[in-house]
Structure formats: C-alpha cells, structure tokens
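Shown next: model-v1.txt, containing compact mmCIF, C-alpha atoms.
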```txt
# COMPACT_ATOMS: atom_id res chain seq x y z
CA MET F 1489 55.25 -24.21 -22.89
CA ASP F 1490 56.26 -26.64 -20.18
CA ARG F 1491 57.33 -23.57 -18.23
CA MET F 1492 53.69 -22.59 -17.70
CA ASN F 1493 53.40 -25.42 -15.16
CA PHE F 1494 55.48 -23.43 -12.68
CA ILE F 1495 56.39 -19.83 -11.92
CA PRO F 1496 59.63 -18.11 -13.00
CA GLY F 1497 60.66 -18.02 -9.35
CA PRO F 1498 63.65 -16.52 -7.49
CA LYS F 1499 66.05 -16.94 -10.43
CA ALA F 1500 64.03 -14.55 -12.58
CA LYS F 1501 63.88 -11.97 -9.79
CA ALA F 1502 67.61 -12.35 -9.09
CA GLU F 1503 68.48 -11.75 -12.77
CA ILE F 1504 66.71 -8.39 -12.68
CA HIS F 1505 68.08 -7.26 -9.33
CA GLU F 1506 71.64 -8.42 -10.04
CA ALA F 1507 71.65 -6.50 -13.32
CA GLU F 1508 71.53 -3.33 -11.19
CA GLY F 1509 69.48 -1.42 -13.74
CA ARG F 1510 71.48 -2.23 -16.86
CA ILE F 1511 71.53 -5.06 -19.38
CA PHE F 1512 73.80 -4.72 -22.41
CA PHE F 1513 74.57 -6.84 -25.43
CA ASN F 1514 76.43 -6.72 -28.74
CA ARG F 1515 75.99 -8.31 -32.16
CA ALA F 1516 77.35 -11.70 -31.08
CA ALA F 1517 74.85 -11.92 -28.23
CA ALA F 1518 72.05 -10.80 -30.55
CA LEU F 1519 72.86 -13.66 -32.94
CA ASP F 1520 72.87 -16.11 -30.04
CA TYR F 1521 69.41 -14.92 -29.00
CA ALA F 1522 68.15 -15.19 -32.57
CA ASP F 1523 69.37 -18.79 -32.75
CA GLU F 1524 67.94 -19.77 -29.38
CA PHE F 1525 64.59 -17.98 -29.38
CA ILE F 1526 63.61 -16.99 -32.93
CA TRP F 1527 64.96 -19.87 -35.02
CA ASN F 1528 63.43 -22.29 -32.52
CA ALA F 1529 60.15 -20.41 -32.04
CA PRO F 1530 57.29 -22.68 -30.87
CA GLY F 1531 54.80 -24.12 -33.30
CA GLY F 1532 57.22 -24.93 -36.09
CA GLY F 1533 59.23 -21.70 -36.07
CA LEU F 1534 60.69 -21.03 -39.52
CA ALA F 1535 58.65 -23.75 -41.18
CA ARG F 1536 55.35 -22.33 -39.95
CA SER F 1537 55.60 -18.58 -40.28
CA PRO F 1538 57.29 -16.44 -42.94
CA HIS F 1539 57.53 -13.71 -40.30
CA VAL F 1540 59.90 -15.81 -38.25
CA ARG F 1541 62.21 -16.32 -41.23
CA LEU F 1542 62.16 -12.59 -42.02
CA LEU F 1543 62.70 -11.61 -38.40
CA TYR F 1544 65.63 -14.00 -38.06
CA GLN F 1545 67.27 -12.40 -41.09
CA LEU F 1546 66.56 -8.85 -39.89
CA VAL F 1547 67.97 -9.51 -36.43
CA GLY F 1548 71.12 -10.86 -38.05
CA ALA F 1549 71.52 -7.59 -39.96
CA CYS F 1550 70.34 -4.98 -37.46
CA LEU F 1551 73.61 -4.69 -35.54
CA SER F 1552 77.15 -4.25 -36.79
CA GLU F 1553 80.42 -5.21 -35.14
CA GLY F 1554 81.16 -2.65 -32.45
CA ASP F 1555 77.53 -1.69 -31.87
CA LEU F 1556 76.31 -1.87 -28.29
CA VAL F 1557 72.75 -1.98 -26.97
CA ASP F 1558 71.99 -0.94 -23.40
CA VAL F 1559 68.66 -1.60 -21.70
CA TRP F 1560 68.30 0.61 -18.64
CA PHE F 1561 65.62 0.34 -15.97
CA GLY F 1562 65.07 1.75 -12.54
CA LEU F 1563 62.65 3.05 -9.94
CA ARG F 1564 63.00 6.39 -8.21
CA SER F 1565 61.51 8.41 -5.40
CA PRO F 1566 58.88 11.04 -6.26
CA ASP F 1567 60.07 14.58 -6.99
CA ALA F 1568 58.08 16.91 -4.76
CA GLY F 1569 59.38 19.86 -6.76
CA GLU F 1570 57.62 18.47 -9.81
CA GLY F 1571 54.42 17.94 -7.87
CA GLU F 1572 54.86 14.17 -7.73
CA SER F 1573 53.57 12.11 -4.85
CA GLU F 1574 54.39 8.51 -3.97
CA HIS F 1575 51.65 7.19 -6.22
CA GLY F 1576 50.32 10.42 -7.69
CA THR F 1577 46.86 9.90 -9.07
CA ARG F 1578 47.61 6.20 -9.54
CA PRO F 1579 45.41 4.15 -7.23
CA SER F 1580 47.13 1.10 -8.69
CA ALA F 1581 50.14 2.10 -6.55
CA GLU F 1582 52.56 1.60 -9.45
CA ASP F 1583 56.01 2.98 -8.61
CA ILE F 1584 57.68 5.75 -10.59
CA GLY F 1585 60.35 4.68 -13.03
CA HIS F 1586 61.33 4.05 -16.64
CA THR F 1587 62.79 1.32 -18.80
CA TRP F 1588 64.52 2.30 -22.02
CA ALA F 1589 66.81 0.81 -24.63
CA VAL F 1590 69.66 2.69 -26.34
CA LEU F 1591 71.71 1.69 -29.37
CA THR F 1592 75.23 3.11 -29.61
CA THR F 1593 76.86 2.58 -32.99
CA GLY F 1594 80.45 1.43 -33.00
CA ALA F 1595 81.44 3.30 -36.15
CA GLU F 1596 80.19 6.78 -35.24
CA GLY F 1597 79.34 6.55 -31.56
CA ARG F 1598 75.84 7.77 -32.39
CA ARG F 1599 73.19 7.08 -29.73
CA GLN F 1600 69.59 6.21 -30.56
CA THR F 1601 66.76 5.49 -28.12
CA VAL F 1602 65.09 2.32 -29.39
CA TRP F 1603 62.10 2.39 -27.04
CA GLU F 1604 60.96 3.65 -23.66
CA VAL F 1605 58.21 2.82 -21.17
CA GLY F 1606 57.10 4.08 -17.77
CA ARG F 1607 53.95 4.25 -15.71
CA ASP F 1608 52.58 7.17 -17.78
CA THR F 1609 53.27 5.56 -21.15
CA PRO F 1610 50.16 4.88 -23.27
CA PHE F 1611 49.17 1.26 -23.62
CA ALA F 1612 47.74 -0.89 -26.38
CA GLY F 1613 43.98 -1.05 -26.74
CA ASP F 1614 41.65 -3.83 -25.71
CA GLU F 1615 41.77 -5.25 -29.23
CA TYR F 1616 45.37 -6.23 -28.62
CA ALA F 1617 44.56 -7.75 -25.26
CA VAL F 1618 42.03 -9.99 -27.03
CA ARG F 1619 44.67 -10.84 -29.63
CA ALA F 1620 47.24 -11.68 -26.95
CA PHE F 1621 44.78 -13.84 -25.01
CA ASN F 1622 43.75 -15.86 -28.04
CA ALA F 1623 47.39 -16.25 -29.09
CA TYR F 1624 48.25 -17.58 -25.65
CA ARG F 1625 45.35 -20.01 -25.71
CA ARG F 1626 46.38 -21.22 -29.16
CA ALA F 1627 49.98 -21.79 -28.07
CA LEU F 1628 48.96 -23.54 -24.87
CA GLY F 1629 46.40 -25.64 -26.75
CA GLU F 1630 49.03 -26.86 -29.20
CA HIS F 1631 51.25 -27.80 -26.29
CA LEU F 1632 48.41 -29.63 -24.53
CA GLN F 1633 47.22 -31.12 -27.83
CA GLN F 1634 43.80 -29.60 -27.39
CA THR F 1635 42.02 -28.82 -30.63
CA THR F 1636 39.52 -26.44 -29.02
CA ALA F 1637 42.07 -24.01 -27.68
CA VAL F 1638 41.08 -20.90 -29.63
CA VAL F 1639 38.01 -19.03 -28.48
CA GLU F 1640 35.92 -16.66 -30.55
CA PRO F 1641 37.13 -13.06 -30.35
CA LEU F 1642 35.88 -11.49 -27.15
CA PRO F 1643 33.73 -8.36 -27.37
CA VAL F 1644 35.88 -5.27 -27.17
CA PRO F 1645 34.44 -2.69 -24.76
CA ARG F 1646 34.52 0.94 -25.74
CA ARG F 1647 37.33 2.57 -23.79
CA GLU F 1648 38.11 6.15 -22.94
CA GLY F 1649 41.35 7.72 -24.12
CA ASN F 1650 44.15 7.23 -21.62
CA GLY F 1651 45.02 10.89 -21.43
CA VAL F 1652 48.03 10.91 -23.77
CA ASP F 1653 48.91 11.85 -27.30
CA GLY F 1654 47.22 9.54 -29.76
CA ALA F 1655 44.83 8.20 -27.14
CA ASP F 1656 42.30 7.19 -29.78
CA GLU F 1657 44.76 4.83 -31.43
CA SER F 1658 44.61 1.22 -30.33
CA TRP F 1659 48.35 0.76 -30.94
CA PRO F 1660 50.30 3.79 -29.62
CA ARG F 1661 53.61 4.21 -31.41
CA MET F 1662 55.22 7.36 -30.01
CA PHE F 1663 55.07 9.19 -26.68
CA ARG F 1664 57.25 12.20 -25.85
CA ASP F 1665 59.20 11.55 -29.05
CA LYS F 1666 60.13 8.01 -27.99
CA ALA F 1667 58.88 4.72 -29.42
CA VAL F 1668 56.39 3.10 -27.04
CA ALA F 1669 57.10 -0.31 -25.52
CA SER F 1670 54.72 -2.57 -23.63
CA ARG F 1671 53.79 -1.60 -20.09
CA ALA F 1672 54.74 -5.16 -19.10
CA LEU F 1673 58.35 -3.95 -19.38
CA ALA F 1674 57.91 -0.99 -17.02
CA PRO F 1675 60.32 -1.24 -14.06
CA ALA F 1676 57.62 -1.76 -11.45
CA ASN F 1677 56.64 -4.97 -13.24
CA LEU F 1678 60.25 -6.02 -13.75
CA TYR F 1679 61.19 -5.61 -10.10
CA HIS F 1680 57.98 -6.69 -8.42
CA ALA F 1681 56.50 -9.32 -10.74
CA SER F 1682 59.43 -11.05 -12.43
CA ALA F 1683 59.24 -14.04 -10.06
CA ARG F 1684 55.51 -14.58 -10.71
CA MET F 1685 54.96 -13.69 -14.36
CA TRP F 1686 56.12 -15.24 -17.63
CA TYR F 1687 56.66 -12.95 -20.61
CA PHE F 1688 55.73 -13.51 -24.25
CA VAL F 1689 57.11 -11.55 -27.21
CA ASP F 1690 55.18 -11.51 -30.48
CA PHE F 1691 57.45 -12.09 -33.47
CA ALA F 1692 54.84 -10.91 -36.02
CA PRO F 1693 55.11 -7.34 -37.38
CA PRO F 1694 53.88 -4.99 -34.62
CA GLY F 1695 50.64 -3.05 -34.65
CA ARG F 1696 48.69 -5.21 -37.10
CA LEU F 1697 45.54 -6.83 -35.81
CA ASP F 1698 45.10 -8.82 -39.01
CA GLU F 1699 48.45 -10.60 -38.61
CA GLU F 1700 48.47 -13.99 -36.87
CA PRO F 1701 50.62 -13.71 -33.72
CA VAL F 1702 53.81 -15.74 -33.51
CA LEU F 1703 54.66 -16.00 -29.84
CA SER F 1704 58.01 -16.68 -28.30
CA ARG F 1705 58.19 -19.43 -25.75
CA PRO F 1706 57.61 -18.27 -22.17
CA VAL F 1707 60.63 -16.22 -21.12
CA ARG F 1708 61.85 -14.56 -17.95
CA ALA F 1709 61.89 -10.77 -17.66
CA PHE F 1710 65.65 -10.54 -18.40
CA ASP F 1711 65.28 -12.38 -21.72
CA ALA F 1712 62.09 -10.45 -22.58
CA LEU F 1713 64.00 -7.15 -22.39
CA ILE F 1714 66.63 -8.37 -24.85
CA LEU F 1715 64.18 -10.07 -27.21
CA SER F 1716 61.89 -7.04 -27.24
CA THR F 1717 64.78 -4.78 -28.15
CA LEU F 1718 65.97 -7.08 -30.94
CA VAL F 1719 62.49 -7.23 -32.48
CA ALA F 1720 62.20 -3.45 -32.20
CA LEU F 1721 65.55 -2.97 -33.96
CA ALA F 1722 64.56 -5.45 -36.66
CA TYR F 1723 61.10 -4.06 -37.44
CA GLY F 1724 61.75 -0.44 -36.53
CA THR F 1725 59.02 -0.40 -33.88
CA PRO F 1726 58.58 -2.24 -30.55
CA PRO F 1727 56.66 -5.54 -30.58
CA GLN F 1728 53.63 -6.63 -28.63
CA VAL F 1729 54.84 -8.00 -25.29
CA PHE F 1730 52.66 -9.27 -22.50
CA GLY F 1731 52.96 -11.04 -19.18
CA VAL F 1732 50.88 -13.96 -17.95
CA ARG F 1733 50.27 -14.79 -14.31
CA TYR F 1734 48.13 -17.63 -12.97
CA LYS F 1735 46.66 -18.23 -9.58
CA LEU F 1736 48.89 -20.95 -8.16
CA GLU F 1737 46.11 -23.51 -7.75
CA ASN F 1738 45.33 -23.40 -11.50
CA ILE F 1739 48.78 -22.91 -12.95
CA GLY F 1740 49.27 -24.24 -16.46
CA GLN F 1741 45.58 -24.91 -17.11
CA MET F 1742 43.67 -23.63 -20.13
CA PRO F 1743 42.13 -20.27 -19.14
CA ALA F 1744 38.55 -19.43 -20.03
CA GLY F 1745 39.10 -15.69 -19.70
CA TYR F 1746 41.53 -13.01 -18.66
CA LEU F 1747 41.84 -10.00 -16.40
CA ARG F 1748 43.83 -7.23 -18.06
CA THR F 1749 46.05 -4.71 -16.26
CA GLN F 1750 49.10 -2.57 -16.92
CA TYR F 1751 50.66 -3.26 -13.50
CA GLU F 1752 50.79 -6.77 -12.10
CA ALA F 1753 50.30 -5.64 -8.50
CA ASP F 1754 47.48 -3.19 -9.30
CA GLU F 1755 45.56 -2.65 -6.08
CA GLU F 1756 42.47 -1.34 -7.85
CA ILE F 1757 41.52 -4.25 -10.13
CA ARG F 1758 39.05 -6.89 -9.03
CA GLU F 1759 40.18 -10.29 -7.80
CA GLN F 1760 41.29 -12.74 -10.44
CA THR F 1761 38.96 -15.75 -10.79
CA ASP F 1762 40.09 -19.37 -10.85
CA ASP F 1763 39.60 -19.75 -14.62
CA GLU F 1764 41.33 -16.50 -15.61
CA ILE F 1765 44.89 -15.49 -16.30
CA LEU F 1766 46.18 -12.05 -15.40
CA LEU F 1767 47.25 -10.41 -18.65
CA VAL F 1768 49.79 -7.63 -18.15
CA MET F 1769 50.39 -5.27 -21.07
```
Could you render the structure as structure tokens?
Amino acid sequence: MDRMNFIPGPKAKAEIHEAEGRIFFNRAAALDYADEFIWNAPGGGLARSPHVRLLYQLVGACLSEGDLVDVWFGLRSPDAGEGESEHGTRPSAEDIGHTWAVLTTGAEGRRQTVWEVGRDTPFAGDEYAVRAFNAYRRALGEHLQQTTAVVEPLPVPRREGNGVDGADESWPRMFRDKAVASRALAPANLYHASARMWYFVDFAPPGRLDEEPVLSRPVRAFDALILSTLVALAYGTPPQVFGVRYKLENIGQMPAGYLRTQYEADEEIREQTDDEILLVM
C-alpha cells in the first residue's frame, strides 16, 4: 500500500500506449503473476484467506501449455451510419471503445471470449461500491496501523436500472452474450486515467456481497488487465475491479467517503471533496 502515497505516473500510461491495444500472455506468465500478486497478496495472503489459496491453485490449472490469452483494447471514432455521435447521450464524454479478453487453446485452436467491457456495459450496483470502499479502507488501515479503518456500511440509495439486460441485478454477469467486466477496465479509463488511478482486483469469489473482499495490492492498469483475466479464468466469471484516485493534496490519507463513477474523467459528476476518493467501477 506504499504505492498509495504517489500516483502511477507516466510509466503506467506508457505501458498502456506502448501495448498498442494488445496484451498477451501464456501459462508461464500466468504462473509468474500468481506467484507475484496472489501468493503475496496483502494482509497475510495464503495464511489469511482460504480464497487466496484456492485462487492460486485455480490459476495454476486454468491454462495449459500452448494456450494463449489476448487482452485487446481500443478507442474508435463514432459510426454516423449507426447513429453514433462523438459522445452520444453520454454527458460524461466517455469515448467509444471496448476492452475484451480472448483465450485461444493450444490443443484445438478454439477461441473463447473471457470478458468484455465498453461504455454501454452494465455496471455493479451501489452495494458493491460500498463493499469496495470499505475494503479499501480496511487495507489502507492495516498498512497505516489504524484500528478504526473500517466504517459502518454506508446507506445504499435506490437506483434506477441502467437500461440494459438484467438492470435490476446488483452484479451484472452477462451483456450481449459476453461476461461483464468492471467499467474501470473500459478503454477510456485505460488510456486517459492510467497515470492517475491505481487499480485493485478482488481475489474473493465474484458477485457475493457476503464474502470478505481480498484485495490485490495497488496495481497499474497493465497488471490489472492481466490479473482480472486470470481471476476470471479461475472462477469462471470476472472479478470485482475498481480504481482509486485521490486529489493530489490528500494522497494516501484515510478517506472519509467516496465519489463513485464509471468514467474517471466524467464531466457530469460533482467535484470531489478533500476527504473523498474517486471510486471508478
């Protein structure tokens, strides 16, 4: 959590831009990521959570020799023929684009879309934003050795459906026949916010409010894409992933609240206060 005392910076942005819309990895790289990020998860890792032990084993078994995973991401211009405008009905000004992960098996050459996300993808409900915020406070509190880090659950406002299939569900699983990933991984956030925002991946089984979160350490956008895909392959569904951005004058301090958005540069949300983090998911 030492990373929360500074921003990801130019290196994080360069990793995304230099990838030129594609990150790929094989089984050997997956095992390296499992060793570096899952085995050594903060807060005791394997010793603390049975989920971490299970996830580590599942990641080790989810890919075979010869398998290849591609994570693709990109922005595009609007298609006037499809009735698209620069920002459509999105006052947030989020750019058009998609991020998606594809597994190609070495034995059969079969291709499987692991997850997909774009600016129209449904997003997790406010219950999960509360869960993410409290998990972040808990992790930061342990790092700062503060025993009062966890706040009581915040009231969850009633929200309207977001205009997509399964809008009444607080944890959307499928959209247009593709597994739904966090909006934090949409390309507009990757390209525009990677230098300002740290990512967290939850290693607990996805979509369960009653499960205690097990957060990764703060990671850059590049690593978040790979970790998210590995957890999705292991559990069969994409994990909770969220981004955290501070105001620079309060970076690394314990937040009292949060401002939630799906797009880090949303032009419609109110101004972030000094004691809040921006929670992107």
### Task
Compare F:Leu1766, F:Val1540, F:Leu1736, F:Met1685 by their minimum atom-to-atom distance to Asn1528 in chain F, counting only C-alpha atoms, and give me the closest one.
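Smallest separation from Asn1528 in chain F among the options: F:Val1540.
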### Task
Calculate how many Å separate CA of Arg1696 in chain F from CA of Arg1661 in chain F, rounding to one decimal.
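One can read the CA of Arg1696 in chain F to CA of Arg1661 in chain F distance as 12.1 Å.
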### Task
Using CA of Asn1514 in chain F and CA of Ile1714 in chain F as the two end points, give the distance in Å to one decimal.
10.7 Å
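In this structure, CA of Ser1670 in chain F sits 8.6 Å away from CA of Thr1609 in chain F.
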### Message
Measuring between all atoms listed in the file, which one of F:Asp1690, F:Glu1759, F:Asp1754, F:Asp1558 shows the shortest distance to Arg1607 in chain F?
### Response
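Ranking F:Asp1690, F:Glu1759, F:Asp1754, F:Asp1558 by distance to Arg1607 in chain F, first place goes to F:Asp1754.
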### Query
Closest to Gly1629 in chain F among F:Trp1686, F:Phe1561, F:Arg1541, F:Asp1490, using only C-alpha atoms?
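Of the candidates, the smallest distance to Gly1629 in chain F is held by F:Asp1490.
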Would you compute, for all listed atoms of range 1704-1712 of chain F, the axis-aligned bounding box grown by 8 Å on each side, and then report its centre and edge lengths in Å rounded to one decimal, as AutoDock Vina command-line options?
```
--center_x 61.6 --center_y -14.9 --center_z -23.0 --size_x 24.0 --size_y 25.0 --size_z 26.6
```
### Task
Quick one: everything within 6 Å of range 1584-1591 of chain F, counting only C-alpha atoms, minus sequence neighbours fewer than 3 positions away in the same chain. Send it as a list in words.
Leu1556, Val1557, Asp1558, Val1559, Trp1560, Phe1561, Gly1562, Leu1563, Arg1564, Arg1599, Gln1600, Thr1601, Val1602, Trp1603, Glu1604, Val1605, Gly1606, Ala1674 and Pro1675 of chain F
### Task
For each of F:Cys1550, F:Ala1683, F:Val1618, F:Leu1718, take the minimum atom-to-atom distance to Lys1501 in chain F, counting only C-alpha atoms, then give the residue where this is smallest.
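Nearest candidate to Lys1501 in chain F out of F:Cys1550, F:Ala1683, F:Val1618, F:Leu1718: F:Ala1683.
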### Task
Find the residues with any atom within 12 Å of (54.9, -3.7, -34.4); use only C-alpha atoms and the coordinates as given in the file, and write the answer as a VMD selection string.
chain F and resid 1539 1543 1603 1612 1616 1659 to 1662 1667 to 1670 1689 to 1699 1701 1716 to 1717 1719 to 1729
Could you please take those selected residues and save C-alpha atoms as a PDB file, in the coordinates of the input?
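Dumped to part-v6.pdb:
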```
ATOM      1  CA  HIS F1539      57.530 -13.710 -40.300  1.00  0.00           C
ATOM      2  CA  LEU F1543      62.700 -11.610 -38.400  1.00  0.00           C
ATOM      3  CA  TRP F1603      62.100   2.390 -27.040  1.00  0.00           C
ATOM      4  CA  ALA F1612      47.740  -0.890 -26.380  1.00  0.00           C
ATOM      5  CA  TYR F1616      45.370  -6.230 -28.620  1.00  0.00           C
ATOM      6  CA  TRP F1659      48.350   0.760 -30.940  1.00  0.00           C
ATOM      7  CA  PRO F1660      50.300   3.790 -29.620  1.00  0.00           C
ATOM      8  CA  ARG F1661      53.610   4.210 -31.410  1.00  0.00           C
ATOM      9  CA  MET F1662      55.220   7.360 -30.010  1.00  0.00           C
ATOM     10  CA  ALA F1667      58.880   4.720 -29.420  1.00  0.00           C
ATOM     11  CA  VAL F1668      56.390   3.100 -27.040  1.00  0.00           C
ATOM     12  CA  ALA F1669      57.100  -0.310 -25.520  1.00  0.00           C
ATOM     13  CA  SER F1670      54.720  -2.570 -23.630  1.00  0.00           C
ATOM     14  CA  VAL F1689      57.110 -11.550 -27.210  1.00  0.00           C
ATOM     15  CA  ASP F1690      55.180 -11.510 -30.480  1.00  0.00           C
ATOM     16  CA  PHE F1691      57.450 -12.090 -33.470  1.00  0.00           C
ATOM     17  CA  ALA F1692      54.840 -10.910 -36.020  1.00  0.00           C
ATOM     18  CA  PRO F1693      55.110  -7.340 -37.380  1.00  0.00           C
ATOM     19  CA  PRO F1694      53.880  -4.990 -34.620  1.00  0.00           C
ATOM     20  CA  GLY F1695      50.640  -3.050 -34.650  1.00  0.00           C
ATOM     21  CA  ARG F1696      48.690  -5.210 -37.100  1.00  0.00           C
ATOM     22  CA  LEU F1697      45.540  -6.830 -35.810  1.00  0.00           C
ATOM     23  CA  ASP F1698      45.100  -8.820 -39.010  1.00  0.00           C
ATOM     24  CA  GLU F1699      48.450 -10.600 -38.610  1.00  0.00           C
ATOM     25  CA  PRO F1701      50.620 -13.710 -33.720  1.00  0.00           C
ATOM     26  CA  SER F1716      61.890  -7.040 -27.240  1.00  0.00           C
ATOM     27  CA  THR F1717      64.780  -4.780 -28.150  1.00  0.00           C
ATOM     28  CA  VAL F1719      62.490  -7.230 -32.480  1.00  0.00           C
ATOM     29  CA  ALA F1720      62.200  -3.450 -32.200  1.00  0.00           C
ATOM     30  CA  LEU F1721      65.550  -2.970 -33.960  1.00  0.00           C
ATOM     31  CA  ALA F1722      64.560  -5.450 -36.660  1.00  0.00           C
ATOM     32  CA  TYR F1723      61.100  -4.060 -37.440  1.00  0.00           C
ATOM     33  CA  GLY F1724      61.750  -0.440 -36.530  1.00  0.00           C
ATOM     34  CA  THR F1725      59.020  -0.400 -33.880  1.00  0.00           C
ATOM     35  CA  PRO F1726      58.580  -2.240 -30.550  1.00  0.00           C
ATOM     36  CA  PRO F1727      56.660  -5.540 -30.580  1.00  0.00           C
ATOM     37  CA  GLN F1728      53.630  -6.630 -28.630  1.00  0.00           C
ATOM     38  CA  VAL F1729      54.840  -8.000 -25.290  1.00  0.00           C
TER      39      VAL F1729
END
```
Hey, what's within 8 Å of Tyr1624 in chain F if we count all atoms listed in the file and toss same-chain stuff fewer than 4 positions away? As a PDB file with C-alpha atoms, in the coordinates of the input, please?
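This went into part.pdb:
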```pdb
ATOM      1  CA  ALA F1620      47.240 -11.680 -26.950  1.00  0.00           C
ATOM      2  CA  LEU F1628      48.960 -23.540 -24.870  1.00  0.00           C
ATOM      3  CA  LEU F1703      54.660 -16.000 -29.840  1.00  0.00           C
TER       4      LEU F1703
END
```
